[in-house]
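Engineer: Please find one structure pasted underneath; my questions will follow.
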Amino acid sequence: MKGKFITFEGCEGAGKSTQMRFLSAYLTERGIPHIVTREPGGSDISEAIRKVILDGRFTAMTDECEALLYAAARAQHLADTVAPALAAGKTVLCDRYIFSSYAYQGYGRGLGRRFLQDINSYAVAQFMPDVALFLDIPPARAFERKHGADREDRIEQAGADFHRRVYEGYLRLAEEYPEILVRVDCSGTKFETKDKIAQLLRARGLIG
């Protein structure tokens with residue numbers, strides 16, 4: 001039996017980790033087997049790649065190198081963690097996935113969609129999520145919530161214009177992929193957002 005694949009998308013500080021914890025607790029209470037993972041990361045090799053990607057010292061990293069590293073981490077993560085869990089019938093909750101690449105490297109960095117689709121073809125062809133929850137909050141508000149950007153995180157330090165492009169990219173992607181990438185208004189409290197997500201997932205038959 002194939003499990004369910006639910007991913008969480010959005011700008012830095014949108015509340016993905018918090019909402020994943022809420023959903024994980026919900027699934028645990030109901031005895032639903034699941035795993036919680038993240039990108040980049042989620043397995044030993046992918047976590048090692050994550051450290052390289054986010055290291056604030058590597059300011060000379062090219063946009064193409066960044067995108068290729070994300071794709072490499074994703075391929076390993078799928079093989080090591082996501083695919084086995086789905087094959088076992090588990091629900092997979094993943095912090096970021098393919099739409100992050102489209103938003104961050106596509107719109108944020110200005111790389112072409114064709115390039116990103118090519119280097120992520122394994123993921124796109126075999127492991128598209130059942131739903132990708134786009135936690136919709138503008139980056140300025142999100143950084144305000146998290147009390148500013150992390151000085152050690154190379155992506156968070158990319159600047160306001162970069163994060164604005166990322167957010168606008170997510171909005172365009174939500175229009176382009178309405179059947180997968182679903183906007184969740186995060187302007188209210190984290191508990192209100194939690195209820196919106198639960199209602200959305202129930203409507204799609206992804207949770208009971």
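Each chain of the structure tokens is named A, B, ... in the order shown, its residues numbered from 1; ligands are numbered from 1 in display order.
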Leaving out A:Leu69 and any residue of its chain fewer than 5 positions from it, which residues lie within 9 Å of it when counting only C-alpha atoms, given as a ChimeraX atom specification?
Structural biologist: /A:40,49-50,52-53,64,74
Engineer: Can you pull out every residue within 8 Å of A:Met20, counting only C-alpha atoms, but drop anything in the same chain fewer than 2 positions away, and send it as a short mmCIF file (atom, residue, chain, number, x, y, z; two decimals) with N, CA, C and O atoms, in the first residue's frame?
Structural biologist:
data_model
loop_
_atom_site.label_atom_id
_atom_site.label_comp_id
_atom_site.auth_asym_id
_atom_site.auth_seq_id
_atom_site.Cartn_x
_atom_site.Cartn_y
_atom_site.Cartn_z
N PHE A 8 5.33 20.62 3.19
CA PHE A 8 5.05 21.95 3.72
C PHE A 8 6.00 22.93 3.04
O PHE A 8 7.21 22.73 3.04
N LYS A 16 6.35 26.37 9.22
CA LYS A 16 6.27 25.00 8.73
C LYS A 16 6.54 23.98 9.83
O LYS A 16 5.81 23.01 9.98
N SER A 17 7.61 24.20 10.58
CA SER A 17 7.98 23.24 11.63
C SER A 17 6.88 23.12 12.69
O SER A 17 6.56 22.02 13.14
N THR A 18 6.30 24.25 13.06
CA THR A 18 5.22 24.23 14.05
C THR A 18 4.02 23.45 13.55
O THR A 18 3.46 22.60 14.26
N PHE A 22 2.21 19.91 14.90
CA PHE A 22 0.78 19.75 15.18
C PHE A 22 0.21 18.55 14.44
O PHE A 22 -0.52 17.73 15.02
N LEU A 23 0.53 18.43 13.16
CA LEU A 23 -0.02 17.34 12.36
C LEU A 23 0.54 16.00 12.80
O LEU A 23 -0.18 15.00 12.86
N SER A 24 1.82 15.97 13.14
CA SER A 24 2.42 14.73 13.63
C SER A 24 1.74 14.27 14.91
O SER A 24 1.45 13.07 15.10
N VAL A 36 8.43 12.15 10.02
CA VAL A 36 8.63 13.59 9.84
C VAL A 36 10.06 13.78 9.34
O VAL A 36 11.01 13.29 9.95
N LEU A 93 5.55 13.37 6.23
CA LEU A 93 5.44 14.81 6.40
C LEU A 93 6.82 15.39 6.14
O LEU A 93 7.77 15.08 6.87
N ASP A 95 9.26 18.80 5.41
CA ASP A 95 9.49 20.25 5.46
C ASP A 95 10.29 20.64 4.21
O ASP A 95 11.49 20.42 4.15
#
Engineer: A:Asp44, A:Glu168, A:Glu175, A:Glu39: which is nearest A:Gly108, counting only C-alpha atoms?
Structural biologist: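 Of A:Asp44, A:Glu168, A:Glu175, A:Glu39, the one nearest A:Gly108 is A:Glu168, counting only C-alpha atoms.
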Engineer: For the strand (DSSP E or B) assignment from backbone DSSP, which residues of chain A qualify? Please present them as a PyMOL selection string.
Structural biologist: chain A and resi 5-9+34-38+55+91-95+131-136+153+181-185
Engineer: If we count only C-alpha atoms, what is near A:Ala14 at a cut-off of 8 Å, once residues fewer than 2 positions away on the same chain are taken out, given as a list in words?
Structural biologist: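 Everything that qualifies: Gly10, Cys11, Glu12, Lys16, Leu135, Asp136, Ile137, Pro139, Ala142 and Cys186 of chain A.
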Engineer: Any chance you could list, as a list in words, the residues in stretch 64-119 of chain A that come up alpha helix (DSSP H) when DSSP is run on the backbone?
Structural biologist: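 The alpha helix (DSSP H) subset of stretch 64-119 of chain A is Glu64, Cys65, Glu66, Ala67, Leu68, Leu69, Tyr70, Ala71, Ala72, Ala73, Arg74, Ala75, Gln76, His77, Ala83, Pro84, Ala85, Leu86, Ala87, Ile98, Phe99, Ser100, Arg113, Arg114, Phe115, Leu116, Gln117, Asp118 and Ile119 of chain A.
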Engineer: Nearest residue to A:Ser43 out of A:Arg96, A:Arg30, A:His77, A:Arg164, using only C-alpha atoms?
Structural biologist: A:His77
Engineer: For a test of reading the model, state the distance in Å between atom CA of A:Ile180 and atom CA of A:Gln76, rounded to one decimal.
Structural biologist: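 Atom CA of A:Ile180 sits 22.9 Å away from atom CA of A:Gln76.
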Engineer: Excluding A:Phe115 and its own-chain neighbours fewer than 4 positions away, which residues fall within 10 Å of it when counting only C-alpha atoms? Please give them as a list in words.
Structural biologist: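 Near A:Phe115, the qualifying residues are Glu64, Ala67, Leu68, Gly106, Leu111, Ile119, Asn120 and Ser121 of chain A.
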Engineer: For A:Val82, work out the shell of residues within 12 Å, counting only C-alpha atoms and skipping chain neighbours fewer than 5 positions away, then give it as JSON, numbers by chain.
Structural biologist: {"A": [2, 3, 4, 5, 6, 7, 34, 35, 36, 37, 38, 39, 41, 42, 43, 74, 75, 76, 77, 87, 88, 89, 90, 91, 92, 93, 94, 97, 123, 126, 127, 128, 129]}
Engineer: Now that the selection is made, can you save its residues with C-alpha atoms as a PDB file, in the first residue's frame?
Structural biologist:
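Result written to out.pdb:
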ATOM      1  CA  LYS A   2       1.319   3.417  -0.931  1.00  0.00           C
ATOM      2  CA  GLY A   3       1.440   5.942   1.877  1.00  0.00           C
ATOM      3  CA  LYS A   4       0.497   9.609   1.731  1.00  0.00           C
ATOM      4  CA  PHE A   5       3.079  12.280   0.897  1.00  0.00           C
ATOM      5  CA  ILE A   6       2.366  15.701   2.459  1.00  0.00           C
ATOM      6  CA  THR A   7       4.868  18.525   2.100  1.00  0.00           C
ATOM      7  CA  HIS A  34       4.109   8.369   9.774  1.00  0.00           C
ATOM      8  CA  ILE A  35       7.524   9.965   9.593  1.00  0.00           C
ATOM      9  CA  VAL A  36       8.631  13.586   9.843  1.00  0.00           C
ATOM     10  CA  THR A  37      11.520  14.652   7.626  1.00  0.00           C
ATOM     11  CA  ARG A  38      12.996  17.690   5.891  1.00  0.00           C
ATOM     12  CA  GLU A  39      14.812  19.014   2.850  1.00  0.00           C
ATOM     13  CA  GLY A  41      18.372  16.612   4.746  1.00  0.00           C
ATOM     14  CA  GLY A  42      16.384  13.695   6.056  1.00  0.00           C
ATOM     15  CA  SER A  43      19.175  11.119   5.752  1.00  0.00           C
ATOM     16  CA  ARG A  74      16.670  15.299  -2.703  1.00  0.00           C
ATOM     17  CA  ALA A  75      17.542  12.207  -4.739  1.00  0.00           C
ATOM     18  CA  GLN A  76      19.365  10.656  -1.781  1.00  0.00           C
ATOM     19  CA  HIS A  77      16.598  11.635   0.645  1.00  0.00           C
ATOM     20  CA  ALA A  87       6.222   1.724   0.291  1.00  0.00           C
ATOM     21  CA  ALA A  88       5.495   0.696   3.889  1.00  0.00           C
ATOM     22  CA  GLY A  89       2.188   2.597   3.776  1.00  0.00           C
ATOM     23  CA  LYS A  90       3.307   5.395   6.076  1.00  0.00           C
ATOM     24  CA  THR A  91       2.338   9.052   5.790  1.00  0.00           C
ATOM     25  CA  VAL A  92       5.365  11.235   5.069  1.00  0.00           C
ATOM     26  CA  LEU A  93       5.436  14.813   6.396  1.00  0.00           C
ATOM     27  CA  CYS A  94       8.244  16.725   4.720  1.00  0.00           C
ATOM     28  CA  TYR A  97      10.273  19.706  -1.371  1.00  0.00           C
ATOM     29  CA  ALA A 123      11.623  13.414  -8.014  1.00  0.00           C
ATOM     30  CA  GLN A 126       8.065   9.387  -9.378  1.00  0.00           C
ATOM     31  CA  PHE A 127       7.464  11.267  -6.136  1.00  0.00           C
ATOM     32  CA  MET A 128       5.203  14.267  -6.483  1.00  0.00           C
ATOM     33  CA  PRO A 129       3.376  14.963  -3.197  1.00  0.00           C
TER      34      PRO A 129
END
Engineer: Choose the residue, out of A:Gly169, A:Gly205, A:Pro138, A:Gly56, that has the smallest atom-to-atom separation from A:Asp185; count only C-alpha atoms.
Structural biologist: A:Pro138
Engineer: To one decimal in Å, tell me the separation between atom CA of A:Arg183 and atom CA of A:Asp80.
Structural biologist: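 Result for atom CA of A:Arg183 versus atom CA of A:Asp80: 29.0 Å, one decimal.
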Engineer: Could you tell me how far atom CA of A:Ala72 lies from atom CA of A:Val124, in Å and to one decimal?
Structural biologist: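 Taking atom CA of A:Ala72 and atom CA of A:Val124, their separation equals 13.4 Å.
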Engineer: From the set A:Asp63, A:Gly188, A:Leu171, A:Lys196, which residue has the shortest atom-to-atom contact distance to A:Gly112, counting only C-alpha atoms?
Structural biologist: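 Of A:Asp63, A:Gly188, A:Leu171, A:Lys196, the one nearest A:Gly112 is A:Asp63, counting only C-alpha atoms.
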